[in-house]
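Visitor: Got a structure for you, questions after.
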Amino acid sequence: MTKTTCSGVLTVAVPVTDQDRAKALWQQLGFETHMDAELQPDFRWLEMRIPGTDTTLSFVRASEELPAGIDTGIRLATPDARAAHTALADLGFTVGSLLEWETAPPMFMFRDPDGNRFYITQTD
């Protein structure tokens, strides 16, 4: 039997140019602030999560070493991809086409104001 070294995913860091803007947008998507603190001078740590979950998104200030505009690889779940697609577009996110294939659940890609790419997939 192999011993498990890691027991879960705590957070995924996403670089943004404006942490306050990111916080306001993700709150409109239903995320709650888990932590928002200046850990050291000029270093703010902002964690947000979907209520009732443990995994967070940490919106960290973009820098030369950690530029914004990345493909985060983050896949978020929704019970209604069509409604989520409309809601994100209404909030000003750039949304891709809603993909509705017979062999996969409905899904789409979206970008935040910094160009960071995320994905949403409908779950039953």
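Identifiers for the structure tokens are assigned positionally: chains receive A, B, ... in sequence, residues are indexed from 1 per chain, and ligands are indexed from 1 in the order shown.
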Which residues come within 10 Å of Ala62 of chain A, counting only C-alpha atoms, excluding same-chain residues fewer than 3 positions away, as a list in words?

Guide: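 Here the qualifying residues turn out to be Val14, Pro15, Val16, Thr17, Asp18, Gln19, Phe59, Glu65, Leu66, Pro67, Ala68, Gly69 and Asp114 of chain A.
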
Visitor: Emit the selected residues as a PDB file, in the first residue's frame, including N, CA, C and O atoms.

Guide:
ATOM      1  N   VAL A  14      -4.103  32.714  -8.591  1.00  0.00           N
ATOM      2  CA  VAL A  14      -4.407  33.319  -9.884  1.00  0.00           C
ATOM      3  C   VAL A  14      -3.891  34.752  -9.845  1.00  0.00           C
ATOM      4  O   VAL A  14      -4.317  35.539  -8.991  1.00  0.00           O
ATOM      5  N   PRO A  15      -2.972  35.115 -10.743  1.00  0.00           N
ATOM      6  CA  PRO A  15      -2.436  36.473 -10.735  1.00  0.00           C
ATOM      7  C   PRO A  15      -3.423  37.477 -11.344  1.00  0.00           C
ATOM      8  O   PRO A  15      -4.007  37.227 -12.392  1.00  0.00           O
ATOM      9  N   VAL A  16      -3.619  38.594 -10.641  1.00  0.00           N
ATOM     10  CA  VAL A  16      -4.513  39.653 -11.106  1.00  0.00           C
ATOM     11  C   VAL A  16      -3.828  41.001 -10.916  1.00  0.00           C
ATOM     12  O   VAL A  16      -2.968  41.155 -10.052  1.00  0.00           O
ATOM     13  N   THR A  17      -4.234  41.977 -11.707  1.00  0.00           N
ATOM     14  CA  THR A  17      -3.652  43.312 -11.587  1.00  0.00           C
ATOM     15  C   THR A  17      -4.378  44.158 -10.554  1.00  0.00           C
ATOM     16  O   THR A  17      -3.826  45.136 -10.062  1.00  0.00           O
ATOM     17  N   ASP A  18      -5.614  43.801 -10.212  1.00  0.00           N
ATOM     18  CA  ASP A  18      -6.404  44.577  -9.253  1.00  0.00           C
ATOM     19  C   ASP A  18      -7.167  43.606  -8.356  1.00  0.00           C
ATOM     20  O   ASP A  18      -8.196  43.062  -8.741  1.00  0.00           O
ATOM     21  N   GLN A  19      -6.652  43.401  -7.142  1.00  0.00           N
ATOM     22  CA  GLN A  19      -7.265  42.446  -6.226  1.00  0.00           C
ATOM     23  C   GLN A  19      -8.659  42.879  -5.789  1.00  0.00           C
ATOM     24  O   GLN A  19      -9.534  42.038  -5.603  1.00  0.00           O
ATOM     25  N   PHE A  59      -6.311  35.169  -5.165  1.00  0.00           N
ATOM     26  CA  PHE A  59      -6.047  36.202  -6.160  1.00  0.00           C
ATOM     27  C   PHE A  59      -4.869  37.026  -5.667  1.00  0.00           C
ATOM     28  O   PHE A  59      -4.983  37.821  -4.740  1.00  0.00           O
ATOM     29  N   GLU A  65       7.328  38.110 -12.449  1.00  0.00           N
ATOM     30  CA  GLU A  65       7.557  36.684 -12.236  1.00  0.00           C
ATOM     31  C   GLU A  65       6.264  35.872 -12.304  1.00  0.00           C
ATOM     32  O   GLU A  65       6.294  34.666 -12.557  1.00  0.00           O
ATOM     33  N   LEU A  66       5.131  36.522 -12.061  1.00  0.00           N
ATOM     34  CA  LEU A  66       3.833  35.848 -12.063  1.00  0.00           C
ATOM     35  C   LEU A  66       2.844  36.724 -12.840  1.00  0.00           C
ATOM     36  O   LEU A  66       2.042  37.442 -12.249  1.00  0.00           O
ATOM     37  N   PRO A  67       2.921  36.684 -14.167  1.00  0.00           N
ATOM     38  CA  PRO A  67       2.075  37.579 -14.973  1.00  0.00           C
ATOM     39  C   PRO A  67       0.616  37.130 -15.018  1.00  0.00           C
ATOM     40  O   PRO A  67       0.310  35.944 -14.914  1.00  0.00           O
ATOM     41  N   ALA A  68      -0.273  38.096 -15.174  1.00  0.00           N
ATOM     42  CA  ALA A  68      -1.691  37.807 -15.387  1.00  0.00           C
ATOM     43  C   ALA A  68      -1.877  37.380 -16.837  1.00  0.00           C
ATOM     44  O   ALA A  68      -0.967  37.489 -17.657  1.00  0.00           O
ATOM     45  N   GLY A  69      -3.061  36.894 -17.154  1.00  0.00           N
ATOM     46  CA  GLY A  69      -3.361  36.490 -18.518  1.00  0.00           C
ATOM     47  C   GLY A  69      -2.975  35.054 -18.807  1.00  0.00           C
ATOM     48  O   GLY A  69      -2.594  34.711 -19.920  1.00  0.00           O
ATOM     49  N   ASP A 114      -8.341  40.389 -16.497  1.00  0.00           N
ATOM     50  CA  ASP A 114      -6.903  40.296 -16.741  1.00  0.00           C
ATOM     51  C   ASP A 114      -6.550  39.300 -17.841  1.00  0.00           C
ATOM     52  O   ASP A 114      -5.378  39.112 -18.155  1.00  0.00           O
TER      53      ASP A 114
END

Visitor: I'd like the contact shell of Val9 of chain A - 10 Å cut-off, only C-alpha atoms, skipping same-chain residues fewer than 3 positions apart - returned as a VMD selection string.

Guide: chain A and resid 6 12 54 to 56

Visitor: Identify all residues of chain A in alpha helix (DSSP H) (DSSP on the backbone) and supply them as a PyMOL selection string.

Guide: chain A and resi 19-28+81-90

Visitor: So, with only C-alpha atoms as the atoms that count, which of A:Arg117, A:His34, A:Arg44, A:His85 lies closest to Asp71 of chain A?

Guide: A:Arg117

Visitor: Please identify every residue of segment 4-85 of chain A that has at least one atom no farther than 8 Å from an atom of segment 120-124 of chain A, counting only C-alpha atoms, and for each give the shortest atom pair and the distance in Å to one decimal, arranged by chain then increasing number, as JSON lines.

Guide:
{"residue": "A:Arg75", "atom": "CA", "partner": "A:Ile120", "partner_atom": "CA", "distance": 5.5}
{"residue": "A:Leu76", "atom": "CA", "partner": "A:Ile120", "partner_atom": "CA", "distance": 4.7}
{"residue": "A:Ala77", "atom": "CA", "partner": "A:Thr121", "partner_atom": "CA", "distance": 5.1}
{"residue": "A:Thr78", "atom": "CA", "partner": "A:Gln122", "partner_atom": "CA", "distance": 4.8}
{"residue": "A:Pro79", "atom": "CA", "partner": "A:Gln122", "partner_atom": "CA", "distance": 5.3}
{"residue": "A:Asp80", "atom": "CA", "partner": "A:Gln122", "partner_atom": "CA", "distance": 5.7}
{"residue": "A:Ala81", "atom": "CA", "partner": "A:Gln122", "partner_atom": "CA", "distance": 5.1}

Visitor: Please produce a file of those selected residues containing N, CA and C atoms, as a tab-separated table (two decimals), in the first residue's frame.

Guide:
chain	number	residue	atom	x	y	z
A	75	ARG	N	-11.26	24.26	-13.60
A	75	ARG	CA	-12.60	23.88	-14.06
A	75	ARG	C	-13.57	24.03	-12.89
A	76	LEU	N	-14.56	24.88	-13.08
A	76	LEU	CA	-15.59	25.10	-12.07
A	76	LEU	C	-16.85	24.34	-12.47
A	77	ALA	N	-17.62	23.91	-11.49
A	77	ALA	CA	-18.84	23.16	-11.76
A	77	ALA	C	-20.05	24.07	-11.60
A	78	THR	N	-21.09	23.79	-12.38
A	78	THR	CA	-22.35	24.52	-12.26
A	78	THR	C	-23.50	23.55	-12.56
A	79	PRO	N	-24.65	23.75	-11.94
A	79	PRO	CA	-25.80	22.90	-12.27
A	79	PRO	C	-26.47	23.32	-13.59
A	80	ASP	N	-26.16	24.53	-14.10
A	80	ASP	CA	-26.80	25.04	-15.31
A	80	ASP	C	-25.80	25.88	-16.11
A	81	ALA	N	-25.15	25.26	-17.08
A	81	ALA	CA	-24.12	25.94	-17.87
A	81	ALA	C	-24.69	27.11	-18.68
